[in-house]
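Data from upload22.cif: mmCIF, C-alpha atoms
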data_query
#
loop_
_atom_site.group_PDB
_atom_site.id
_atom_site.type_symbol
_atom_site.label_atom_id
_atom_site.label_comp_id
_atom_site.auth_asym_id
_atom_site.auth_seq_id
_atom_site.Cartn_x
_atom_site.Cartn_y
_atom_site.Cartn_z
ATOM 1 C CA MET N 1 32.372 37.782 43.515
ATOM 2 C CA PHE N 2 32.554 35.893 46.807
ATOM 3 C CA LEU N 3 29.745 33.994 48.452
ATOM 4 C CA ILE N 4 30.179 33.745 52.229
ATOM 5 C CA VAL N 5 27.815 31.389 54.036
ATOM 6 C CA GLY N 6 27.485 31.085 57.795
ATOM 7 C CA LEU N 7 25.808 27.868 58.907
ATOM 8 C CA GLY N 8 23.278 27.703 61.721
ATOM 9 C CA ASN N 9 19.638 27.201 62.639
ATOM 10 C CA PRO N 10 16.969 29.861 62.075
ATOM 11 C CA GLY N 11 14.730 30.977 64.915
ATOM 12 C CA ARG N 12 15.125 33.003 68.081
ATOM 13 C CA GLU N 13 15.444 29.904 70.251
ATOM 14 C CA TYR N 14 18.690 28.941 68.481
ATOM 15 C CA ALA N 15 20.217 32.408 68.279
ATOM 16 C CA ASN N 16 22.930 31.990 70.910
ATOM 17 C CA THR N 17 23.602 28.272 70.628
ATOM 18 C CA ARG N 18 26.937 26.688 69.774
ATOM 19 C CA HIS N 19 25.609 25.435 66.426
ATOM 20 C CA ASN N 20 25.016 29.038 65.364
ATOM 21 C CA ALA N 21 28.627 30.178 65.556
ATOM 22 C CA GLY N 22 28.648 30.497 61.755
ATOM 23 C CA TYR N 23 25.628 32.805 61.861
ATOM 24 C CA MET N 24 27.355 34.917 64.519
ATOM 25 C CA ALA N 25 30.507 35.367 62.444
ATOM 26 C CA LEU N 26 28.436 36.320 59.416
ATOM 27 C CA ASP N 27 26.577 38.923 61.479
ATOM 28 C CA LEU N 28 29.930 40.503 62.420
ATOM 29 C CA LEU N 29 30.921 40.740 58.754
ATOM 30 C CA ALA N 30 27.562 42.278 57.885
ATOM 31 C CA GLU N 31 27.952 44.863 60.640
ATOM 32 C CA LYS N 32 31.547 45.742 59.760
ATOM 33 C CA PHE N 33 30.866 46.231 56.065
ATOM 34 C CA ASP N 34 27.369 47.665 56.432
ATOM 35 C CA ILE N 35 25.684 44.845 54.513
ATOM 36 C CA ASP N 36 21.978 44.463 55.209
ATOM 37 C CA VAL N 37 21.289 40.727 55.451
ATOM 38 C CA CYS N 38 17.506 40.821 55.144
ATOM 39 C CA ARG N 39 16.488 39.512 51.732
ATOM 40 C CA HIS N 40 14.788 36.110 51.567
ATOM 41 C CA ASN N 41 15.395 33.759 48.672
ATOM 42 C CA PHE N 42 17.416 30.627 47.857
ATOM 43 C CA ARG N 43 16.144 29.117 51.136
ATOM 44 C CA SER N 44 18.288 31.722 52.901
ATOM 45 C CA VAL N 45 18.374 35.219 54.288
ATOM 46 C CA TYR N 46 21.110 37.144 52.516
ATOM 47 C CA GLY N 47 22.525 40.503 51.510
ATOM 48 C CA GLU N 48 24.877 41.909 48.887
ATOM 49 C CA GLY N 49 27.703 44.358 49.417
ATOM 50 C CA ARG N 50 31.449 44.816 49.124
ATOM 51 C CA ILE N 51 34.590 43.958 51.019
ATOM 52 C CA GLY N 52 37.221 46.233 49.565
ATOM 53 C CA SER N 53 36.937 46.021 45.793
ATOM 54 C CA GLU N 54 35.228 42.621 45.835
ATOM 55 C CA LYS N 55 31.485 42.125 45.578
ATOM 56 C CA VAL N 56 30.273 39.734 48.265
ATOM 57 C CA VAL N 57 27.068 37.944 49.144
ATOM 58 C CA LEU N 58 26.559 37.122 52.824
ATOM 59 C CA ALA N 59 24.028 34.364 53.448
ATOM 60 C CA LYS N 60 22.516 32.349 56.306
ATOM 61 C CA PRO N 61 20.610 29.220 55.223
ATOM 62 C CA GLU N 62 17.116 28.907 56.690
ATOM 63 C CA THR N 63 16.846 25.184 56.015
ATOM 64 C CA PHE N 64 18.044 24.150 59.482
ATOM 65 C CA MET N 65 21.549 22.841 59.870
ATOM 66 C CA ASN N 66 21.230 19.289 58.559
ATOM 67 C CA ASN N 67 19.809 20.503 55.220
ATOM 68 C CA SER N 68 22.187 23.448 54.713
ATOM 69 C CA GLY N 69 23.385 22.041 51.403
ATOM 70 C CA PHE N 70 20.099 22.775 49.622
ATOM 71 C CA ALA N 71 20.417 26.477 50.371
ATOM 72 C CA VAL N 72 24.122 26.617 49.522
ATOM 73 C CA ARG N 73 23.487 24.823 46.223
ATOM 74 C CA ASP N 74 20.729 27.308 45.323
ATOM 75 C CA LEU N 75 23.030 30.250 46.104
ATOM 76 C CA VAL N 76 25.992 28.833 44.181
ATOM 77 C CA ASN N 77 23.831 28.054 41.150
ATOM 78 C CA TRP N 78 22.307 31.531 41.074
ATOM 79 C CA TYR N 79 25.466 33.539 41.661
ATOM 80 C CA LYS N 80 27.704 31.201 39.634
ATOM 81 C CA ALA N 81 30.316 31.342 42.383
ATOM 82 C CA ASP N 82 33.615 29.633 41.604
ATOM 83 C CA ASN N 83 34.610 26.905 44.040
ATOM 84 C CA ASP N 84 37.426 28.951 45.559
ATOM 85 C CA HIS N 85 35.080 31.953 45.950
ATOM 86 C CA LEU N 86 32.674 30.085 48.209
ATOM 87 C CA ILE N 87 33.530 30.446 51.909
ATOM 88 C CA VAL N 88 31.615 28.449 54.518
ATOM 89 C CA ILE N 89 31.847 29.314 58.227
ATOM 90 C CA TYR N 90 30.645 26.788 60.786
ATOM 91 C CA ASP N 91 31.102 25.353 64.279
ATOM 92 C CA ASP N 92 33.340 22.380 65.014
ATOM 93 C CA VAL N 93 33.199 20.126 68.076
ATOM 94 C CA ASP N 94 36.660 18.768 67.271
ATOM 95 C CA LEU N 95 38.311 22.125 67.980
ATOM 96 C CA PRO N 96 38.791 23.643 71.436
ATOM 97 C CA VAL N 97 36.621 26.591 72.378
ATOM 98 C CA GLY N 98 38.290 29.844 71.348
ATOM 99 C CA THR N 99 40.190 28.468 68.348
ATOM 100 C CA ILE N 100 39.524 28.541 64.622
ATOM 101 C CA ARG N 101 40.975 26.653 61.677
ATOM 102 C CA LEU N 102 41.070 27.503 57.971
ATOM 103 C CA ARG N 103 41.284 25.038 55.118
ATOM 104 C CA GLU N 104 41.167 25.550 51.360
ATOM 105 C CA LYS N 105 39.374 22.250 50.805
ATOM 106 C CA GLY N 106 38.667 18.929 52.468
ATOM 107 C CA SER N 107 36.062 16.499 53.695
ATOM 108 C CA ALA N 108 33.014 17.443 55.739
ATOM 109 C CA GLY N 109 34.220 15.489 58.757
ATOM 110 C CA THR N 110 31.520 14.750 61.332
ATOM 111 C CA HIS N 111 29.548 17.968 60.791
ATOM 112 C CA ASN N 112 26.074 17.189 59.423
ATOM 113 C CA GLY N 113 25.614 20.654 57.946
ATOM 114 C CA MET N 114 28.850 20.401 56.005
ATOM 115 C CA ARG N 115 28.020 16.861 54.933
ATOM 116 C CA SER N 116 24.846 18.249 53.407
ATOM 117 C CA VAL N 117 26.768 21.060 51.689
ATOM 118 C CA VAL N 118 29.355 18.748 50.153
ATOM 119 C CA CYS N 119 26.681 16.240 49.129
ATOM 120 C CA GLN N 120 24.504 18.828 47.379
ATOM 121 C CA LEU N 121 27.387 20.643 45.680
ATOM 122 C CA GLY N 122 29.207 17.509 44.601
ATOM 123 C CA PHE N 123 32.610 19.010 45.402
ATOM 124 C CA ASP N 124 34.608 19.890 48.508
ATOM 125 C CA ASP N 125 37.366 22.140 47.171
ATOM 126 C CA PHE N 126 36.141 25.401 48.682
ATOM 127 C CA PRO N 127 37.526 27.399 51.630
ATOM 128 C CA ARG N 128 36.020 26.890 55.048
ATOM 129 C CA VAL N 129 36.480 28.529 58.438
ATOM 130 C CA ARG N 130 35.789 26.297 61.447
ATOM 131 C CA ILE N 131 35.015 27.745 64.870
ATOM 132 C CA GLY N 132 35.830 25.561 67.860
ATOM 133 C CA ILE N 133 32.967 24.867 70.252
ATOM 134 C CA GLY N 134 34.608 22.042 72.204
ATOM 135 C CA GLY N 135 33.540 18.448 72.571
ATOM 136 C CA ALA N 136 30.330 17.191 74.142
ATOM 137 C CA GLU N 137 30.502 15.900 77.711
ATOM 138 C CA HIS N 138 27.026 14.363 77.994
ATOM 139 C CA GLY N 139 25.198 14.381 74.633
ATOM 140 C CA MET N 140 25.995 15.801 71.215
ATOM 141 C CA ILE N 141 22.558 17.244 70.451
ATOM 142 C CA ASP N 142 22.259 18.951 73.819
ATOM 143 C CA HIS N 143 25.794 20.266 73.401
ATOM 144 C CA VAL N 144 25.482 21.849 69.962
ATOM 145 C CA LEU N 145 21.988 23.197 70.651
ATOM 146 C CA GLY N 146 23.006 24.555 74.037
ATOM 147 C CA ALA N 147 24.247 28.031 74.851
ATOM 148 C CA PHE N 148 27.865 28.770 75.625
ATOM 149 C CA SER N 149 28.683 28.732 79.323
ATOM 150 C CA ASP N 150 29.786 31.882 81.108
ATOM 151 C CA ASP N 151 33.332 30.505 81.201
ATOM 152 C CA GLU N 152 33.314 30.031 77.408
ATOM 153 C CA LYS N 153 31.799 33.331 76.319
ATOM 154 C CA ALA N 154 34.939 35.470 76.236
ATOM 155 C CA ALA N 155 36.918 32.879 74.279
ATOM 156 C CA VAL N 156 34.043 32.283 71.873
ATOM 157 C CA LYS N 157 33.586 35.983 71.245
ATOM 158 C CA GLY N 158 37.250 36.219 70.259
ATOM 159 C CA ALA N 159 37.049 33.148 68.015
ATOM 160 C CA ILE N 160 33.977 34.453 66.209
ATOM 161 C CA ALA N 161 35.723 37.776 65.617
ATOM 162 C CA ASP N 162 38.758 35.880 64.314
ATOM 163 C CA ALA N 163 36.535 33.846 61.980
ATOM 164 C CA ALA N 164 34.984 36.982 60.522
ATOM 165 C CA GLU N 165 38.427 38.500 60.021
ATOM 166 C CA ALA N 166 39.709 35.293 58.443
ATOM 167 C CA ALA N 167 36.860 35.331 55.914
ATOM 168 C CA GLU N 168 37.691 38.950 55.121
ATOM 169 C CA LEU N 169 41.342 38.054 54.520
ATOM 170 C CA ILE N 170 40.323 35.234 52.172
ATOM 171 C CA VAL N 171 38.237 37.683 50.146
ATOM 172 C CA ARG N 172 41.232 40.028 50.001
ATOM 173 C CA GLY N 173 43.360 37.216 48.550
ATOM 174 C CA LYS N 174 45.283 36.504 51.748
ATOM 175 C CA MET N 175 44.340 32.918 52.532
ATOM 176 C CA GLN N 176 47.895 31.870 53.346
ATOM 177 C CA ASP N 177 48.391 34.863 55.622
ATOM 178 C CA ALA N 178 45.155 34.012 57.416
ATOM 179 C CA GLN N 179 46.181 30.379 57.823
ATOM 180 C CA ALA N 180 49.580 31.355 59.188
ATOM 181 C CA ARG N 181 47.971 33.731 61.648
ATOM 182 C CA PHE N 182 44.949 31.799 62.874
ATOM 183 C CA ASN N 183 45.726 28.105 62.419
ATOM 184 C CA LYS N 184 48.499 28.240 64.983
ATOM 185 C CA LYS N 185 46.558 30.282 67.550
ATOM 186 C CA GLY N 186 45.680 28.153 70.533
ATOM 187 C CA SER N 187 47.491 25.114 69.182
ATOM 188 C CA LYS N 188 49.425 23.149 71.736
ATOM 189 C CA LYS N 189 53.056 22.464 71.096
ATOM 190 C CA LYS N 190 53.816 18.778 71.080
ATOM 191 C CA PRO N 191 56.290 17.741 73.771
ATOM 192 C CA GLU N 192 59.796 17.026 72.579
ATOM 193 C CA PRO N 193 60.648 13.323 72.547
ATOM 194 C CA ALA N 194 62.883 12.184 75.389
ATOM 195 C CA PRO N 195 66.517 11.778 74.323
ATOM 196 C CA GLU N 196 67.580 8.218 73.764
ATOM 197 C CA THR N 197 69.898 6.795 76.372
ATOM 198 C CA ALA N 198 73.151 5.646 74.874
ATOM 199 C CA GLU N 199 73.723 1.950 75.303
ATOM 200 C CA LYS N 200 76.985 0.846 76.835
ATOM 201 C CA GLU N 201 79.009 -1.427 74.653
#
What do you get writing this file as structure tokens?
Amino acid sequence: MFLIVGLGNPGREYANTRHNAGYMALDLLAEKFDIDVCRHNFRSVYGEGRIGSEKVVLAKPETFMNNSGFAVRDLVNWYKADNDHLIVIYDDVDLPVGTIRLREKGSAGTHNGMRSVVCQLGFDDFPRVRIGIGGAEHGMIDHVLGAFSDDEKAAVKGAIADAAEAAELIVRGKMQDAQARFNKKGSKKKPEPAPETAEKE
């Protein structure tokens, strides 16, 4: 059984904000696999279904972002999800808009929602899918709680679709395939170092 959690903020006013990229990816999974995410418990709205042969629980914490860990802890405790069967999807200001990154484990970085998750669970060795929302130009709070610009929308739509597909691949046991496919998308190749000039003797 896999538990897939998309992080975000509840409420209509936050529906299309950058901080809700995790919610958006989860909604795509729910739509694709016909999973009704409408039950309320564990400080979340959630639904149960299947991806292929695997039972999955799709959940969106309703605790607001900075307290996401309380909801994730409640879900993990109830469903007895193994560490590597918990997948968390969330936004990341350290990634360019339109890109995603997958990791099998790691620190929470600067993301307050993930800090809460890691703190409440007491471990960080679970898969996560990060969706790039770009860095803040004027203020972090205004940035993450703001809507995507018209110029960003097409790239974001693609990244959210990629994130949903990446989560599906993880459930199907294809983490390494997903990493090979998505972690290099949008990455910039480092320039080759200039050749050293031979010194005359």
*asked:* Translate the PyMOL selection byres ((chain N and resi 128-144) around 6) into a concrete residue list for this structure, as JSON, numbers by chain.
replied: {"N": [18, 19, 87, 88, 89, 90, 91, 92, 93, 95, 96, 97, 99, 100, 101, 102, 103, 127, 145, 146]}
Atoms kept (C-alpha atoms) for selection, written as a PDB file, in the coordinates of the input:
ATOM      1  CA  ARG N  18      26.937  26.688  69.774  1.00  0.00           C
ATOM      2  CA  HIS N  19      25.609  25.435  66.426  1.00  0.00           C
ATOM      3  CA  ILE N  87      33.530  30.446  51.909  1.00  0.00           C
ATOM      4  CA  VAL N  88      31.615  28.449  54.518  1.00  0.00           C
ATOM      5  CA  ILE N  89      31.847  29.314  58.227  1.00  0.00           C
ATOM      6  CA  TYR N  90      30.645  26.788  60.786  1.00  0.00           C
ATOM      7  CA  ASP N  91      31.102  25.353  64.279  1.00  0.00           C
ATOM      8  CA  ASP N  92      33.340  22.380  65.014  1.00  0.00           C
ATOM      9  CA  VAL N  93      33.199  20.126  68.076  1.00  0.00           C
ATOM     10  CA  LEU N  95      38.311  22.125  67.980  1.00  0.00           C
ATOM     11  CA  PRO N  96      38.791  23.643  71.436  1.00  0.00           C
ATOM     12  CA  VAL N  97      36.621  26.591  72.378  1.00  0.00           C
ATOM     13  CA  THR N  99      40.190  28.468  68.348  1.00  0.00           C
ATOM     14  CA  ILE N 100      39.524  28.541  64.622  1.00  0.00           C
ATOM     15  CA  ARG N 101      40.975  26.653  61.677  1.00  0.00           C
ATOM     16  CA  LEU N 102      41.070  27.503  57.971  1.00  0.00           C
ATOM     17  CA  ARG N 103      41.284  25.038  55.118  1.00  0.00           C
ATOM     18  CA  PRO N 127      37.526  27.399  51.630  1.00  0.00           C
ATOM     19  CA  LEU N 145      21.988  23.197  70.651  1.00  0.00           C
ATOM     20  CA  GLY N 146      23.006  24.555  74.037  1.00  0.00           C
TER      21      GLY N 146
END
*Considering all atoms listed in the file, return as a PyMOL selection string whatever protein or nucleic-acid residues lie within 9 Å of Asp125 of chain N, sequence-local ones (same chain, fewer than 4 positions apart) excluded.*
chain N and resi 83-84+104-107
_From N:Ala59, N:Leu26, N:Met65, N:Val45, residue lying nearest Asn9 of chain N [only C-alpha atoms]_ = N:Met65
_I'd like to see the residues matched by the PyMOL selection byres ((chain N and resi 161-175) around 7) on this file, and ideally I'd get them as a PyMOL selection string._
chain N and resi 2+25-26+28-29+100+129+131+157-160+176-179
*Closest to Arg39 of chain N among N:Glu62, N:Arg115, N:Phe148, N:Asn20, using only C-alpha atoms?*
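The shortest atom-to-atom distance to Arg39 of chain N comes from N:Glu62.
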*May I ask for the distance between atom CA of Asn41 of chain N and atom CA of Val118 of chain N, given in Å to one decimal place?*
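Interatomic distance, atom CA of Asn41 of chain N to atom CA of Val118 of chain N: 20.6 Å.
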*Which is closer to Asp82 of chain N than all the others in N:Val117, N:Phe123, N:Phe64, N:Ser53, using all atoms listed in the file?*
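Closest to Asp82 of chain N, using all atoms listed in the file: N:Phe123.
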*Convert the output of the PyMOL selection byres ((chain N and resi 112) around 10) on the shown file into explicit residues, formatted as a PyMOL selection string.*
chain N and resi 65-69+108-111+113-118
Some atoms are absent from segment 59-91 of chain N, so rebuild N, CA and C atoms and return them as an mmCIF file, in the coordinates of the input.
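As written to disk, part-v2.cif reads:
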data_model
loop_
_atom_site.group_PDB
_atom_site.id
_atom_site.type_symbol
_atom_site.label_atom_id
_atom_site.label_comp_id
_atom_site.auth_asym_id
_atom_site.auth_seq_id
_atom_site.Cartn_x
_atom_site.Cartn_y
_atom_site.Cartn_z
ATOM 1 N N ALA N 59 25.267 35.141 53.386
ATOM 2 C CA ALA N 59 24.028 34.364 53.448
ATOM 3 C C ALA N 59 23.994 33.451 54.667
ATOM 4 N N LYS N 60 22.771 33.291 55.209
ATOM 5 C CA LYS N 60 22.516 32.349 56.306
ATOM 6 C C LYS N 60 21.383 31.429 55.869
ATOM 7 N N PRO N 61 21.674 30.161 55.619
ATOM 8 C CA PRO N 61 20.610 29.220 55.223
ATOM 9 C C PRO N 61 19.503 29.156 56.271
ATOM 10 N N GLU N 62 18.266 29.029 55.797
ATOM 11 C CA GLU N 62 17.116 28.907 56.690
ATOM 12 C C GLU N 62 16.508 27.507 56.629
ATOM 13 N N THR N 63 17.309 26.555 56.204
ATOM 14 C CA THR N 63 16.846 25.184 56.015
ATOM 15 C C THR N 63 16.993 24.327 57.264
ATOM 16 N N PHE N 64 17.550 24.872 58.316
ATOM 17 C CA PHE N 64 18.044 24.150 59.482
ATOM 18 C C PHE N 64 19.328 23.423 59.093
ATOM 19 N N MET N 65 20.162 23.239 60.102
ATOM 20 C CA MET N 65 21.549 22.841 59.870
ATOM 21 C C MET N 65 21.706 21.624 58.975
ATOM 22 N N ASN N 66 20.983 20.550 59.267
ATOM 23 C CA ASN N 66 21.230 19.289 58.559
ATOM 24 C C ASN N 66 20.884 19.332 57.077
ATOM 25 N N ASN N 67 20.159 20.357 56.642
ATOM 26 C CA ASN N 67 19.809 20.503 55.220
ATOM 27 C C ASN N 67 20.451 21.746 54.599
ATOM 28 N N SER N 68 21.531 22.221 55.193
ATOM 29 C CA SER N 68 22.187 23.448 54.713
ATOM 30 C C SER N 68 22.581 23.380 53.250
ATOM 31 N N GLY N 69 22.903 22.180 52.774
ATOM 32 C CA GLY N 69 23.385 22.041 51.403
ATOM 33 C C GLY N 69 22.396 22.487 50.347
ATOM 34 N N PHE N 70 21.095 22.353 50.611
ATOM 35 C CA PHE N 70 20.099 22.775 49.622
ATOM 36 C C PHE N 70 20.161 24.276 49.404
ATOM 37 N N ALA N 71 20.322 25.025 50.487
ATOM 38 C CA ALA N 71 20.417 26.477 50.371
ATOM 39 C C ALA N 71 21.723 26.888 49.700
ATOM 40 N N VAL N 72 22.822 26.263 50.109
ATOM 41 C CA VAL N 72 24.122 26.617 49.522
ATOM 42 C C VAL N 72 24.132 26.298 48.030
ATOM 43 N N ARG N 73 23.554 25.182 47.650
ATOM 44 C CA ARG N 73 23.487 24.823 46.223
ATOM 45 C C ARG N 73 22.686 25.867 45.444
ATOM 46 N N ASP N 74 21.545 26.295 46.004
ATOM 47 C CA ASP N 74 20.729 27.308 45.323
ATOM 48 C C ASP N 74 21.509 28.603 45.134
ATOM 49 N N LEU N 75 22.241 29.013 46.165
ATOM 50 C CA LEU N 75 23.030 30.250 46.104
ATOM 51 C C LEU N 75 24.156 30.143 45.081
ATOM 52 N N VAL N 76 24.873 29.033 45.111
ATOM 53 C CA VAL N 76 25.992 28.833 44.181
ATOM 54 C C VAL N 76 25.485 28.805 42.740
ATOM 55 N N ASN N 77 24.373 28.133 42.507
ATOM 56 C CA ASN N 77 23.831 28.054 41.150
ATOM 57 C C ASN N 77 23.380 29.417 40.634
ATOM 58 N N TRP N 78 22.795 30.216 41.512
ATOM 59 C CA TRP N 78 22.307 31.531 41.074
ATOM 60 C C TRP N 78 23.451 32.516 40.827
ATOM 61 N N TYR N 79 24.382 32.559 41.757
ATOM 62 C CA TYR N 79 25.466 33.539 41.661
ATOM 63 C C TYR N 79 26.660 33.043 40.856
ATOM 64 N N LYS N 80 26.629 31.782 40.448
ATOM 65 C CA LYS N 80 27.704 31.201 39.634
ATOM 66 C C LYS N 80 29.065 31.373 40.314
ATOM 67 N N ALA N 81 29.075 31.164 41.625
ATOM 68 C CA ALA N 81 30.316 31.342 42.383
ATOM 69 C C ALA N 81 31.314 30.235 42.053
ATOM 70 N N ASP N 82 32.556 30.624 41.785
ATOM 71 C CA ASP N 82 33.615 29.633 41.604
ATOM 72 C C ASP N 82 33.862 28.913 42.926
ATOM 73 N N ASN N 83 34.380 27.700 42.830
ATOM 74 C CA ASN N 83 34.610 26.905 44.040
ATOM 75 C C ASN N 83 35.438 27.655 45.075
ATOM 76 N N ASP N 84 36.530 28.287 44.609
ATOM 77 C CA ASP N 84 37.426 28.951 45.559
ATOM 78 C C ASP N 84 36.903 30.320 45.998
ATOM 79 N N HIS N 85 35.710 30.706 45.514
ATOM 80 C CA HIS N 85 35.080 31.953 45.950
ATOM 81 C C HIS N 85 33.845 31.688 46.808
ATOM 82 N N LEU N 86 33.702 30.445 47.236
ATOM 83 C CA LEU N 86 32.674 30.085 48.209
ATOM 84 C C LEU N 86 33.372 29.864 49.544
ATOM 85 N N ILE N 87 32.946 30.583 50.573
ATOM 86 C CA ILE N 87 33.530 30.446 51.909
ATOM 87 C C ILE N 87 32.414 30.026 52.866
ATOM 88 N N VAL N 88 32.611 28.925 53.561
ATOM 89 C CA VAL N 88 31.615 28.449 54.518
ATOM 90 C C VAL N 88 32.195 28.534 55.925
ATOM 91 N N ILE N 89 31.436 29.142 56.831
ATOM 92 C CA ILE N 89 31.847 29.314 58.227
ATOM 93 C C ILE N 89 30.919 28.479 59.099
ATOM 94 N N TYR N 90 31.490 27.665 59.982
ATOM 95 C CA TYR N 90 30.645 26.788 60.786
ATOM 96 C C TYR N 90 31.363 26.364 62.064
ATOM 97 N N ASP N 91 30.581 25.815 63.003
ATOM 98 C CA ASP N 91 31.102 25.353 64.279
ATOM 99 C C ASP N 91 31.754 23.983 64.133
#
